[in-house]
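J.: For reference, this is final33.cif, and it has mmCIF, C-alpha atoms.
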data_upload
loop_
_atom_site.label_atom_id
_atom_site.label_comp_id
_atom_site.auth_asym_id
_atom_site.auth_seq_id
_atom_site.Cartn_x
_atom_site.Cartn_y
_atom_site.Cartn_z
CA MET A 1 31.90 -10.02 -19.07
CA VAL A 2 34.29 -7.91 -21.07
CA ASP A 3 36.21 -4.78 -20.16
CA ILE A 4 37.52 -1.63 -21.80
CA LEU A 5 41.12 -1.02 -20.70
CA HIS A 6 43.32 2.03 -21.24
CA ARG A 7 46.51 3.60 -19.90
CA VAL A 8 47.99 7.06 -20.32
CA GLY A 9 51.02 8.76 -18.81
CA VAL A 10 50.54 12.39 -17.82
CA GLN A 11 53.85 14.25 -18.09
CA THR A 12 55.24 16.63 -15.44
CA SER A 13 52.21 15.91 -13.31
CA SER A 14 51.52 14.37 -9.93
CA PRO A 15 48.86 11.87 -8.86
CA GLU A 16 47.27 14.74 -6.86
CA LYS A 17 46.65 16.80 -10.01
CA VAL A 18 45.07 13.91 -11.89
CA TYR A 19 43.05 12.96 -8.80
CA ASP A 20 41.67 16.51 -8.66
CA ALA A 21 40.60 16.23 -12.31
CA LEU A 22 38.68 13.05 -11.41
CA THR A 23 37.12 14.14 -8.13
CA THR A 24 35.92 17.71 -8.63
CA VAL A 25 33.07 18.90 -10.85
CA GLU A 26 35.37 21.60 -12.28
CA GLY A 27 38.11 19.05 -13.05
CA LEU A 28 35.71 16.59 -14.69
CA ALA A 29 34.17 19.40 -16.76
CA GLY A 30 37.65 20.22 -18.03
CA TRP A 31 38.17 16.94 -19.90
CA TRP A 32 34.94 14.92 -20.16
CA THR A 33 31.96 17.19 -20.59
CA ASP A 34 31.25 20.85 -19.91
CA ASP A 35 27.88 19.77 -18.56
CA THR A 36 29.01 18.01 -15.36
CA SER A 37 27.19 18.42 -12.05
CA GLY A 38 26.46 16.59 -8.81
CA SER A 39 28.49 15.33 -5.87
CA ALA A 40 31.95 13.75 -6.17
CA ASP A 41 31.92 12.44 -2.57
CA VAL A 42 31.66 8.72 -1.87
CA GLY A 43 27.96 7.85 -2.12
CA GLY A 44 27.28 10.95 -4.20
CA VAL A 45 26.08 10.89 -7.79
CA LEU A 46 27.72 12.76 -10.66
CA GLN A 47 25.68 13.74 -13.71
CA PHE A 48 27.54 13.84 -17.02
CA ARG A 49 25.54 15.19 -19.96
CA PHE A 50 26.47 15.18 -23.66
CA PRO A 51 24.59 16.32 -26.76
CA PRO A 52 23.32 12.75 -27.42
CA GLY A 53 22.53 11.85 -23.76
CA GLY A 54 24.36 11.19 -20.55
CA PHE A 55 25.43 9.08 -17.61
CA ASP A 56 24.81 9.19 -13.87
CA MET A 57 27.71 7.75 -11.87
CA GLU A 58 27.63 6.90 -8.19
CA VAL A 59 31.02 7.46 -6.60
CA VAL A 60 31.77 4.12 -4.91
CA ASP A 61 35.38 4.69 -3.90
CA ARG A 62 37.93 7.45 -3.68
CA ARG A 63 41.32 7.19 -2.01
CA ALA A 64 43.39 10.38 -2.28
CA SER A 65 45.69 10.36 -5.31
CA GLU A 66 45.42 6.57 -5.73
CA HIS A 67 42.01 5.31 -6.74
CA VAL A 68 38.59 6.43 -7.92
CA ALA A 69 35.65 4.16 -8.79
CA TRP A 70 32.20 4.92 -10.16
CA LYS A 71 29.15 2.75 -10.73
CA VAL A 72 26.84 3.66 -13.59
CA VAL A 73 23.36 4.13 -12.11
CA ASP A 74 21.65 5.70 -15.14
CA GLY A 75 22.40 6.04 -18.85
CA PRO A 76 22.40 3.76 -21.90
CA GLU A 77 21.15 0.27 -21.09
CA GLU A 78 24.53 -1.29 -21.89
CA TRP A 79 26.23 0.97 -19.32
CA VAL A 80 23.90 0.60 -16.35
CA GLY A 81 25.54 -1.56 -13.68
CA THR A 82 29.01 -1.33 -15.20
CA THR A 83 31.88 0.23 -13.23
CA VAL A 84 34.55 2.74 -14.16
CA ASP A 85 37.80 2.35 -12.27
CA TRP A 86 40.83 4.66 -12.11
CA GLU A 87 44.20 3.78 -10.60
CA LEU A 88 46.94 6.42 -10.29
CA ARG A 89 50.63 6.15 -9.49
CA GLN A 90 53.78 8.13 -10.14
CA ASP A 91 56.54 6.72 -12.36
CA GLY A 92 59.39 9.21 -12.80
CA ASP A 93 58.07 12.36 -14.48
CA TYR A 94 54.78 10.70 -15.40
CA THR A 95 51.55 10.04 -13.55
CA ILE A 96 50.32 6.70 -14.85
CA VAL A 97 46.55 6.39 -15.18
CA LEU A 98 45.16 2.86 -15.44
CA PHE A 99 41.57 2.90 -16.60
CA ARG A 100 39.01 0.07 -16.67
CA HIS A 101 35.37 0.21 -17.71
CA GLN A 102 34.26 -3.17 -16.43
CA GLY A 103 31.24 -5.42 -16.50
CA TRP A 104 29.95 -5.05 -20.06
CA ARG A 105 27.64 -7.98 -20.62
CA GLU A 106 28.46 -8.44 -24.33
CA PRO A 107 31.12 -7.05 -26.71
CA VAL A 108 28.48 -5.19 -28.73
CA GLU A 109 29.37 -2.68 -31.44
CA PHE A 110 28.56 0.18 -29.06
CA MET A 111 31.29 -1.15 -26.73
CA HIS A 112 33.83 -0.90 -29.58
CA HIS A 113 32.76 2.72 -30.06
CA CYS A 114 32.96 3.53 -26.34
CA SER A 115 36.46 2.04 -26.14
CA THR A 116 37.80 4.37 -28.84
CA LYS A 117 35.90 7.32 -27.42
CA TRP A 118 37.26 6.68 -23.89
CA ALA A 119 40.78 6.76 -25.38
CA THR A 120 40.16 10.22 -26.79
CA TYR A 121 38.76 11.42 -23.46
CA LEU A 122 41.78 10.02 -21.61
CA MET A 123 43.96 11.98 -24.03
CA SER A 124 41.81 15.01 -23.16
CA LEU A 125 42.46 14.39 -19.42
CA LYS A 126 46.21 14.12 -20.13
CA GLN A 127 46.10 17.34 -22.16
CA LEU A 128 44.11 19.18 -19.46
CA VAL A 129 46.64 18.36 -16.74
CA GLU A 130 49.67 18.93 -18.99
CA THR A 131 48.54 22.16 -20.66
CA GLY A 132 45.56 23.49 -18.69
CA GLU A 133 43.16 22.85 -21.58
CA GLY A 134 41.36 19.61 -22.38
CA ALA A 135 38.84 18.74 -25.09
CA PRO A 136 35.58 18.02 -23.22
CA ALA A 137 32.22 17.69 -24.98
CA PRO A 138 30.98 19.56 -26.94
CA ARG A 139 34.55 20.31 -28.13
CA ASP A 140 35.50 16.61 -28.09
CA VAL A 141 37.34 14.60 -30.72
CA HIS A 142 34.93 12.78 -33.03
CA VAL A 143 35.70 9.16 -33.77
CA ALA A 144 32.58 8.34 -35.80
CA PHE A 145 29.01 9.63 -35.80
CA PRO A 146 27.04 10.59 -33.82
CA ASP A 147 29.44 10.76 -30.92
CA MET B 1 41.24 -14.38 -22.96
CA VAL B 2 40.57 -10.67 -23.27
CA ASP B 3 40.25 -8.45 -26.32
CA ILE B 4 40.96 -4.89 -27.36
CA LEU B 5 37.96 -3.47 -29.26
CA HIS B 6 37.65 -0.24 -31.22
CA ARG B 7 35.43 1.39 -33.83
CA VAL B 8 35.91 4.45 -36.01
CA GLY B 9 33.85 5.96 -38.80
CA VAL B 10 35.80 7.30 -41.77
CA GLN B 11 33.93 10.17 -43.39
CA THR B 12 33.39 10.60 -47.15
CA SER B 13 35.22 7.35 -47.69
CA SER B 14 34.40 3.93 -49.12
CA PRO B 15 35.27 0.45 -47.80
CA GLU B 16 37.64 0.14 -50.81
CA LYS B 17 39.77 3.08 -49.65
CA VAL B 18 40.09 1.78 -46.11
CA TYR B 19 40.76 -1.73 -47.41
CA ASP B 20 43.63 -0.34 -49.51
CA ALA B 21 45.11 1.30 -46.41
CA LEU B 22 45.04 -2.12 -44.68
CA THR B 23 46.26 -4.30 -47.54
CA THR B 24 49.11 -2.41 -49.21
CA VAL B 25 52.54 -1.65 -47.78
CA GLU B 26 52.15 1.97 -48.85
CA GLY B 27 48.75 2.26 -47.20
CA LEU B 28 49.91 0.68 -43.93
CA ALA B 29 52.98 2.93 -43.89
CA GLY B 30 50.65 5.92 -44.14
CA TRP B 31 48.98 5.39 -40.76
CA TRP B 32 50.81 2.78 -38.63
CA THR B 33 54.53 2.99 -39.20
CA ASP B 34 56.78 4.42 -41.91
CA ASP B 35 58.87 1.27 -41.58
CA THR B 36 56.46 -1.29 -43.06
CA SER B 37 57.57 -4.03 -45.44
CA GLY B 38 56.69 -7.57 -46.55
CA SER B 39 53.78 -9.19 -48.33
CA ALA B 40 50.12 -8.29 -47.77
CA ASP B 41 48.84 -11.38 -49.61
CA VAL B 42 47.12 -14.19 -47.71
CA GLY B 43 49.91 -16.35 -46.26
CA GLY B 44 52.39 -13.48 -46.56
CA VAL B 45 54.07 -11.80 -43.60
CA LEU B 46 54.11 -8.05 -42.97
CA GLN B 47 56.92 -6.51 -40.93
CA PHE B 48 56.00 -3.43 -38.88
CA ARG B 49 58.95 -1.72 -37.16
CA PHE B 50 58.85 1.09 -34.57
CA PRO B 51 61.60 2.83 -32.63
CA PRO B 52 61.10 0.49 -29.61
CA GLY B 53 60.67 -2.76 -31.62
CA GLY B 54 58.14 -4.32 -33.95
CA PHE B 55 55.66 -6.94 -35.00
CA ASP B 56 55.52 -9.57 -37.75
CA MET B 57 51.97 -10.30 -38.86
CA GLU B 58 50.91 -13.19 -41.06
CA VAL B 59 47.96 -12.24 -43.25
CA VAL B 60 45.39 -14.96 -42.53
CA ASP B 61 42.39 -13.53 -44.34
CA ARG B 62 41.48 -10.77 -46.73
CA ARG B 63 38.15 -10.34 -48.47
CA ALA B 64 37.97 -7.28 -50.71
CA SER B 65 36.56 -4.25 -48.88
CA GLU B 66 35.06 -6.39 -46.10
CA HIS B 67 37.56 -8.14 -43.88
CA VAL B 68 41.26 -8.37 -43.06
CA ALA B 69 42.85 -10.60 -40.40
CA TRP B 70 46.42 -10.92 -39.20
CA LYS B 71 48.09 -13.34 -36.81
CA VAL B 72 51.06 -12.08 -34.81
CA VAL B 73 53.97 -14.43 -35.54
CA ASP B 74 56.77 -12.38 -33.95
CA GLY B 75 57.02 -9.44 -31.56
CA PRO B 76 56.50 -8.88 -27.83
CA GLU B 77 55.74 -12.11 -25.97
CA GLU B 78 52.23 -10.89 -25.03
CA TRP B 79 51.40 -10.34 -28.71
CA VAL B 80 52.62 -13.58 -30.25
CA GLY B 81 49.68 -15.81 -31.15
CA THR B 82 47.11 -13.02 -30.85
CA THR B 83 45.04 -11.95 -33.87
CA VAL B 84 44.14 -8.56 -35.27
CA ASP B 85 40.82 -8.42 -37.07
CA TRP B 86 39.31 -5.68 -39.22
CA GLU B 87 35.70 -5.54 -40.46
CA LEU B 88 34.57 -2.84 -42.88
CA ARG B 89 31.13 -1.73 -44.02
CA GLN B 90 29.51 1.39 -45.40
CA ASP B 91 26.90 3.30 -43.39
CA GLY B 92 25.76 6.46 -45.17
CA ASP B 93 28.72 8.76 -45.68
CA TYR B 94 30.92 6.76 -43.30
CA THR B 95 33.00 3.65 -43.65
CA ILE B 96 32.69 1.88 -40.31
CA VAL B 97 35.83 0.09 -39.15
CA LEU B 98 35.36 -2.54 -36.43
CA PHE B 99 38.68 -3.52 -34.89
CA ARG B 100 39.51 -6.42 -32.56
CA HIS B 101 42.90 -7.42 -31.19
CA GLN B 102 41.98 -10.80 -29.77
CA GLY B 103 43.49 -13.58 -27.70
CA TRP B 104 45.44 -11.69 -25.03
CA ARG B 105 46.11 -14.23 -22.28
CA GLU B 106 45.91 -11.73 -19.39
CA PRO B 107 44.76 -8.09 -19.01
CA VAL B 108 48.32 -6.97 -18.18
CA GLU B 109 49.26 -3.28 -17.94
CA PHE B 110 50.88 -3.49 -21.38
CA MET B 111 47.47 -4.45 -22.80
CA HIS B 112 45.95 -1.26 -21.31
CA HIS B 113 48.71 0.70 -23.06
CA CYS B 114 48.22 -1.08 -26.39
CA SER B 115 44.47 -0.43 -26.26
CA THR B 116 44.96 3.34 -25.99
CA LYS B 117 47.74 3.30 -28.57
CA TRP B 118 45.59 1.33 -31.05
CA ALA B 119 42.90 4.01 -30.67
CA THR B 120 45.37 6.71 -31.71
CA TYR B 121 46.50 4.62 -34.68
CA LEU B 122 42.89 4.06 -35.74
CA MET B 123 42.42 7.83 -35.60
CA SER B 124 45.55 8.06 -37.79
CA LEU B 125 43.98 5.63 -40.29
CA LYS B 126 40.78 7.71 -40.31
CA GLN B 127 42.82 10.89 -40.82
CA LEU B 128 44.89 9.32 -43.63
CA VAL B 129 41.82 8.32 -45.62
CA GLU B 130 39.93 11.56 -44.89
CA THR B 131 42.77 14.01 -45.49
CA GLY B 132 45.59 12.12 -47.25
CA GLU B 133 47.88 12.42 -44.22
CA GLY B 134 48.03 10.09 -41.21
CA ALA B 135 50.28 10.10 -38.15
CA PRO B 136 52.34 6.91 -38.45
CA ALA B 137 55.41 6.21 -36.28
CA PRO B 138 57.75 7.97 -35.77
CA ARG B 139 55.28 10.92 -36.04
CA ASP B 140 52.70 9.13 -33.90
CA VAL B 141 50.63 10.47 -31.01
CA HIS B 142 52.26 9.69 -27.66
CA VAL B 143 50.00 8.36 -24.96
CA ALA B 144 52.65 7.68 -22.33
CA PHE B 145 56.34 6.72 -22.45
CA PRO B 146 58.12 5.08 -24.16
CA ASP B 147 55.60 4.52 -26.93
#
Using structure tokens, write down the structure that the file contains.
T.:
Amino acid sequence: MVDILHRVGVQTSSPEKVYDALTTVEGLAGWWTDDTSGSADVGGVLQFRFPPGGFDMEVVDRRASEHVAWKVVDGPEEWVGTTVDWELRQDGDYTIVLFRHQGWREPVEFMHHCSTKWATYLMSLKQLVETGEGAPAPRDVHVAFPD
Amino acid sequence: MVDILHRVGVQTSSPEKVYDALTTVEGLAGWWTDDTSGSADVGGVLQFRFPPGGFDMEVVDRRASEHVAWKVVDGPEEWVGTTVDWELRQDGDYTIVLFRHQGWREPVEFMHHCSTKWATYLMSLKQLVETGEGAPAPRDVHVAFPD
């Protein structure tokens, strides 16, 4: 089992602001993909759609301004059953976001791609909270093709 | 043991061009850090310096336009003894770069940071080869603080 790990610091923010961007359809649509729908409550399922496909995530945990966790219930075969975990805390002027996409069965080439792509989406989340404008799909940063 | 994995596709490039950016002091200075020196031959040591510190990498393998590997011989404690591995291949109009920073002893918070930061440097490498201008330190993309 191998994991994708990332960390960003969101400047002049608060854990509440980042938490909102992770737990509302509007917030998620502002940094990950325009085409976000569903329920962000615990037990609900969020649908994220991109030009090449999409993911359905069951919300398995949310603790205000501290923690969010999703389980992938539909999407690419390599993703189904994996979990996406977000930890938030304040450190001075920065909200620290610790990200883990856990439970990949093998370090396949697609996992390498997803790791780089997650980094660009975390930068989009940072940018959304810092400036009010992220870079969600289909206006996302391209790291290769098709992505 | 946990690894950082990434993948980018460099457009309208060739494995030779990316290989040059990984195996010459001038190339490395164009995307990772201005302050690069040393020998890029097998058995040589490259010195990469950044405002907060640096890394010394022994070149342990290079095969023209296919593979480059470094071993970290000096730098932050968590990095020493780890290896950085680059695989290159052509796929249509893209040179695919598979990156692995292997042998981390623990998935510490610093590893999360380095994973995101490596992604931004790989995007800098892509940008250097595609446009002639990367974003090496000290003009690098900031993902948190201090970085």
J.: Could you fit chain B onto chain A by least squares over every C-alpha atom, paired in order, and give me the moved chain as a PDB file with C-alpha atoms, in the coordinates of the input?
T.:
ATOM      1  CA  MET B   1      31.856 -10.009 -19.083  1.00  0.00           C
ATOM      2  CA  VAL B   2      34.276  -7.904 -21.087  1.00  0.00           C
ATOM      3  CA  ASP B   3      36.204  -4.779 -20.165  1.00  0.00           C
ATOM      4  CA  ILE B   4      37.512  -1.634 -21.794  1.00  0.00           C
ATOM      5  CA  LEU B   5      41.126  -1.014 -20.705  1.00  0.00           C
ATOM      6  CA  HIS B   6      43.323   2.028 -21.241  1.00  0.00           C
ATOM      7  CA  ARG B   7      46.507   3.603 -19.906  1.00  0.00           C
ATOM      8  CA  VAL B   8      47.989   7.063 -20.322  1.00  0.00           C
ATOM      9  CA  GLY B   9      51.012   8.757 -18.806  1.00  0.00           C
ATOM     10  CA  VAL B  10      50.559  12.396 -17.819  1.00  0.00           C
ATOM     11  CA  GLN B  11      53.852  14.253 -18.080  1.00  0.00           C
ATOM     12  CA  THR B  12      55.241  16.649 -15.444  1.00  0.00           C
ATOM     13  CA  SER B  13      52.213  15.921 -13.322  1.00  0.00           C
ATOM     14  CA  SER B  14      51.539  14.382  -9.917  1.00  0.00           C
ATOM     15  CA  PRO B  15      48.865  11.868  -8.852  1.00  0.00           C
ATOM     16  CA  GLU B  16      47.266  14.742  -6.864  1.00  0.00           C
ATOM     17  CA  LYS B  17      46.640  16.796 -10.012  1.00  0.00           C
ATOM     18  CA  VAL B  18      45.062  13.912 -11.887  1.00  0.00           C
ATOM     19  CA  TYR B  19      43.046  12.953  -8.809  1.00  0.00           C
ATOM     20  CA  ASP B  20      41.664  16.510  -8.679  1.00  0.00           C
ATOM     21  CA  ALA B  21      40.596  16.233 -12.322  1.00  0.00           C
ATOM     22  CA  LEU B  22      38.676  13.040 -11.420  1.00  0.00           C
ATOM     23  CA  THR B  23      37.130  14.141  -8.131  1.00  0.00           C
ATOM     24  CA  THR B  24      35.924  17.715  -8.637  1.00  0.00           C
ATOM     25  CA  VAL B  25      33.084  18.912 -10.848  1.00  0.00           C
ATOM     26  CA  GLU B  26      35.367  21.583 -12.282  1.00  0.00           C
ATOM     27  CA  GLY B  27      38.098  19.067 -13.044  1.00  0.00           C
ATOM     28  CA  LEU B  28      35.718  16.591 -14.700  1.00  0.00           C
ATOM     29  CA  ALA B  29      34.171  19.397 -16.755  1.00  0.00           C
ATOM     30  CA  GLY B  30      37.652  20.232 -18.026  1.00  0.00           C
ATOM     31  CA  TRP B  31      38.177  16.953 -19.889  1.00  0.00           C
ATOM     32  CA  TRP B  32      34.946  14.908 -20.167  1.00  0.00           C
ATOM     33  CA  THR B  33      31.976  17.190 -20.590  1.00  0.00           C
ATOM     34  CA  ASP B  34      31.261  20.861 -19.912  1.00  0.00           C
ATOM     35  CA  ASP B  35      27.892  19.764 -18.553  1.00  0.00           C
ATOM     36  CA  THR B  36      29.002  18.008 -15.353  1.00  0.00           C
ATOM     37  CA  SER B  37      27.188  18.413 -12.044  1.00  0.00           C
ATOM     38  CA  GLY B  38      26.446  16.568  -8.791  1.00  0.00           C
ATOM     39  CA  SER B  39      28.494  15.328  -5.870  1.00  0.00           C
ATOM     40  CA  ALA B  40      31.950  13.748  -6.158  1.00  0.00           C
ATOM     41  CA  ASP B  41      31.907  12.447  -2.570  1.00  0.00           C
ATOM     42  CA  VAL B  42      31.659   8.718  -1.866  1.00  0.00           C
ATOM     43  CA  GLY B  43      27.955   7.839  -2.107  1.00  0.00           C
ATOM     44  CA  GLY B  44      27.276  10.950  -4.190  1.00  0.00           C
ATOM     45  CA  VAL B  45      26.082  10.882  -7.792  1.00  0.00           C
ATOM     46  CA  LEU B  46      27.735  12.754 -10.660  1.00  0.00           C
ATOM     47  CA  GLN B  47      25.685  13.733 -13.704  1.00  0.00           C
ATOM     48  CA  PHE B  48      27.563  13.834 -17.020  1.00  0.00           C
ATOM     49  CA  ARG B  49      25.536  15.187 -19.960  1.00  0.00           C
ATOM     50  CA  PHE B  50      26.480  15.177 -23.665  1.00  0.00           C
ATOM     51  CA  PRO B  51      24.597  16.310 -26.750  1.00  0.00           C
ATOM     52  CA  PRO B  52      23.318  12.737 -27.416  1.00  0.00           C
ATOM     53  CA  GLY B  53      22.504  11.858 -23.762  1.00  0.00           C
ATOM     54  CA  GLY B  54      24.361  11.187 -20.543  1.00  0.00           C
ATOM     55  CA  PHE B  55      25.419   9.087 -17.613  1.00  0.00           C
ATOM     56  CA  ASP B  56      24.798   9.192 -13.857  1.00  0.00           C
ATOM     57  CA  MET B  57      27.693   7.750 -11.881  1.00  0.00           C
ATOM     58  CA  GLU B  58      27.628   6.905  -8.194  1.00  0.00           C
ATOM     59  CA  VAL B  59      31.027   7.451  -6.598  1.00  0.00           C
ATOM     60  CA  VAL B  60      31.775   4.119  -4.908  1.00  0.00           C
ATOM     61  CA  ASP B  61      35.376   4.687  -3.892  1.00  0.00           C
ATOM     62  CA  ARG B  62      37.942   7.432  -3.693  1.00  0.00           C
ATOM     63  CA  ARG B  63      41.330   7.196  -2.028  1.00  0.00           C
ATOM     64  CA  ALA B  64      43.388  10.377  -2.272  1.00  0.00           C
ATOM     65  CA  SER B  65      45.703  10.352  -5.298  1.00  0.00           C
ATOM     66  CA  GLU B  66      45.422   6.571  -5.720  1.00  0.00           C
ATOM     67  CA  HIS B  67      42.016   5.308  -6.742  1.00  0.00           C
ATOM     68  CA  VAL B  68      38.585   6.429  -7.919  1.00  0.00           C
ATOM     69  CA  ALA B  69      35.641   4.158  -8.788  1.00  0.00           C
ATOM     70  CA  TRP B  70      32.205   4.921 -10.166  1.00  0.00           C
ATOM     71  CA  LYS B  71      29.153   2.747 -10.728  1.00  0.00           C
ATOM     72  CA  VAL B  72      26.838   3.660 -13.594  1.00  0.00           C
ATOM     73  CA  VAL B  73      23.357   4.114 -12.111  1.00  0.00           C
ATOM     74  CA  ASP B  74      21.647   5.682 -15.142  1.00  0.00           C
ATOM     75  CA  GLY B  75      22.393   6.046 -18.848  1.00  0.00           C
ATOM     76  CA  PRO B  76      22.393   3.754 -21.888  1.00  0.00           C
ATOM     77  CA  GLU B  77      21.129   0.260 -21.071  1.00  0.00           C
ATOM     78  CA  GLU B  78      24.538  -1.297 -21.875  1.00  0.00           C
ATOM     79  CA  TRP B  79      26.218   0.980 -19.320  1.00  0.00           C
ATOM     80  CA  VAL B  80      23.908   0.602 -16.341  1.00  0.00           C
ATOM     81  CA  GLY B  81      25.519  -1.581 -13.682  1.00  0.00           C
ATOM     82  CA  THR B  82      29.004  -1.333 -15.190  1.00  0.00           C
ATOM     83  CA  THR B  83      31.867   0.238 -13.221  1.00  0.00           C
ATOM     84  CA  VAL B  84      34.539   2.735 -14.164  1.00  0.00           C
ATOM     85  CA  ASP B  85      37.790   2.368 -12.272  1.00  0.00           C
ATOM     86  CA  TRP B  86      40.813   4.658 -12.124  1.00  0.00           C
ATOM     87  CA  GLU B  87      44.205   3.794 -10.593  1.00  0.00           C
ATOM     88  CA  LEU B  88      46.936   6.416 -10.291  1.00  0.00           C
ATOM     89  CA  ARG B  89      50.630   6.153  -9.487  1.00  0.00           C
ATOM     90  CA  GLN B  90      53.783   8.128 -10.134  1.00  0.00           C
ATOM     91  CA  ASP B  91      56.551   6.737 -12.350  1.00  0.00           C
ATOM     92  CA  GLY B  92      59.389   9.222 -12.816  1.00  0.00           C
ATOM     93  CA  ASP B  93      58.065  12.356 -14.471  1.00  0.00           C
ATOM     94  CA  TYR B  94      54.764  10.696 -15.395  1.00  0.00           C
ATOM     95  CA  THR B  95      51.554  10.052 -13.551  1.00  0.00           C
ATOM     96  CA  ILE B  96      50.326   6.709 -14.856  1.00  0.00           C
ATOM     97  CA  VAL B  97      46.557   6.406 -15.184  1.00  0.00           C
ATOM     98  CA  LEU B  98      45.170   2.864 -15.447  1.00  0.00           C
ATOM     99  CA  PHE B  99      41.564   2.892 -16.610  1.00  0.00           C
ATOM    100  CA  ARG B 100      39.010   0.063 -16.660  1.00  0.00           C
ATOM    101  CA  HIS B 101      35.368   0.222 -17.697  1.00  0.00           C
ATOM    102  CA  GLN B 102      34.253  -3.159 -16.425  1.00  0.00           C
ATOM    103  CA  GLY B 103      31.225  -5.422 -16.488  1.00  0.00           C
ATOM    104  CA  TRP B 104      29.958  -5.049 -20.060  1.00  0.00           C
ATOM    105  CA  ARG B 105      27.634  -8.007 -20.622  1.00  0.00           C
ATOM    106  CA  GLU B 106      28.457  -8.443 -24.333  1.00  0.00           C
ATOM    107  CA  PRO B 107      31.122  -7.051 -26.716  1.00  0.00           C
ATOM    108  CA  VAL B 108      28.459  -5.192 -28.733  1.00  0.00           C
ATOM    109  CA  GLU B 109      29.389  -2.674 -31.445  1.00  0.00           C
ATOM    110  CA  PHE B 110      28.561   0.174 -29.056  1.00  0.00           C
ATOM    111  CA  MET B 111      31.286  -1.141 -26.729  1.00  0.00           C
ATOM    112  CA  HIS B 112      33.838  -0.905 -29.582  1.00  0.00           C
ATOM    113  CA  HIS B 113      32.758   2.718 -30.056  1.00  0.00           C
ATOM    114  CA  CYS B 114      32.956   3.536 -26.342  1.00  0.00           C
ATOM    115  CA  SER B 115      36.451   2.037 -26.132  1.00  0.00           C
ATOM    116  CA  THR B 116      37.798   4.367 -28.831  1.00  0.00           C
ATOM    117  CA  LYS B 117      35.896   7.327 -27.415  1.00  0.00           C
ATOM    118  CA  TRP B 118      37.259   6.689 -23.895  1.00  0.00           C
ATOM    119  CA  ALA B 119      40.778   6.761 -25.370  1.00  0.00           C
ATOM    120  CA  THR B 120      40.167  10.238 -26.789  1.00  0.00           C
ATOM    121  CA  TYR B 121      38.762  11.419 -23.458  1.00  0.00           C
ATOM    122  CA  LEU B 122      41.781  10.019 -21.616  1.00  0.00           C
ATOM    123  CA  MET B 123      43.974  11.970 -24.033  1.00  0.00           C
ATOM    124  CA  SER B 124      41.828  15.012 -23.148  1.00  0.00           C
ATOM    125  CA  LEU B 125      42.477  14.389 -19.432  1.00  0.00           C
ATOM    126  CA  LYS B 126      46.220  14.111 -20.127  1.00  0.00           C
ATOM    127  CA  GLN B 127      46.106  17.330 -22.166  1.00  0.00           C
ATOM    128  CA  LEU B 128      44.118  19.175 -19.466  1.00  0.00           C
ATOM    129  CA  VAL B 129      46.642  18.364 -16.754  1.00  0.00           C
ATOM    130  CA  GLU B 130      49.679  18.936 -19.000  1.00  0.00           C
ATOM    131  CA  THR B 131      48.547  22.160 -20.660  1.00  0.00           C
ATOM    132  CA  GLY B 132      45.562  23.504 -18.684  1.00  0.00           C
ATOM    133  CA  GLU B 133      43.169  22.856 -21.576  1.00  0.00           C
ATOM    134  CA  GLY B 134      41.341  19.608 -22.366  1.00  0.00           C
ATOM    135  CA  ALA B 135      38.836  18.747 -25.089  1.00  0.00           C
ATOM    136  CA  PRO B 136      35.595  18.013 -23.228  1.00  0.00           C
ATOM    137  CA  ALA B 137      32.217  17.688 -24.991  1.00  0.00           C
ATOM    138  CA  PRO B 138      30.967  19.548 -26.943  1.00  0.00           C
ATOM    139  CA  ARG B 139      34.553  20.303 -28.147  1.00  0.00           C
ATOM    140  CA  ASP B 140      35.486  16.620 -28.107  1.00  0.00           C
ATOM    141  CA  VAL B 141      37.348  14.586 -30.720  1.00  0.00           C
ATOM    142  CA  HIS B 142      34.937  12.766 -33.035  1.00  0.00           C
ATOM    143  CA  VAL B 143      35.711   9.156 -33.768  1.00  0.00           C
ATOM    144  CA  ALA B 144      32.614   8.347 -35.807  1.00  0.00           C
ATOM    145  CA  PHE B 145      29.020   9.624 -35.815  1.00  0.00           C
ATOM    146  CA  PRO B 146      27.035  10.586 -33.835  1.00  0.00           C
ATOM    147  CA  ASP B 147      29.450  10.802 -30.927  1.00  0.00           C
TER     148      ASP B 147
END
J.: Can you tell me, as an MDAnalysis selection string, what residues are no more than 6 Å from Val97 in chain A when counting only C-alpha atoms, ignoring any on the same chain fewer than 3 positions away?
T.: chainID A and resid 7:8 87:88
J.: Quick check on the file I pasted: which residues fall under the PyMOL selection byres ((chain B) within 8 of (chain A))? Write them as a ChimeraX atom specification.
T.: /B:2-11,94,96,98-99,109,111-116,119-120,123,143-145
J.: With all atoms listed in the file as the counted atoms, please give the residues lying no more than 12 Å from range 28-42 of chain B, apart from itself and same-chain residues fewer than 3 positions off, as a PyMOL selection string.
T.: chain B and resi 17-25+45-64+67-71+117-141
J.: What's the separation between CA of Asp85 in chain A and CA of Gly81 in chain B, in Å to one decimal place?
T.: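 Rounded to one decimal, the two atoms are 28.8 Å apart.
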J.: Work out how far CA of Trp104 in chain B is from CA of Glu77 in chain A, in Å to one decimal.
T.: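 Separation of CA of Glu77 in chain A and CA of Trp104 in chain B: 27.4 Å.
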J.: Report, in Å with one decimal, the straight-line distance from CA of Val72 in chain A to CA of Gln90 in chain A.
T.: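 It comes out at 27.5 Å.
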J.: Of the residues A:Gly92, A:Gly103, A:Gly44, A:Ser65, which is the one nearest to Glu78 in chain A, using all atoms listed in the file?
T.: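 Nearest to Glu78 in chain A: A:Gly103.
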J.: Would you compute, for all listed atoms of range 2-11 of chain A, the axis-aligned bounding box grown by 6 Å on each side, and then report its centre and edge lengths in Å rounded to one decimal, as JSON?
T.:
{"center_x": 44.1, "center_y": 3.2, "center_z": -19.8, "size_x": 31.6, "size_y": 34.2, "size_z": 16.0}
J.: For Trp79 in chain A, which of A:Asp91, A:Asp147, A:Glu106, A:Glu66 is the closest residue, counting all atoms listed in the file?
T.: A:Glu106
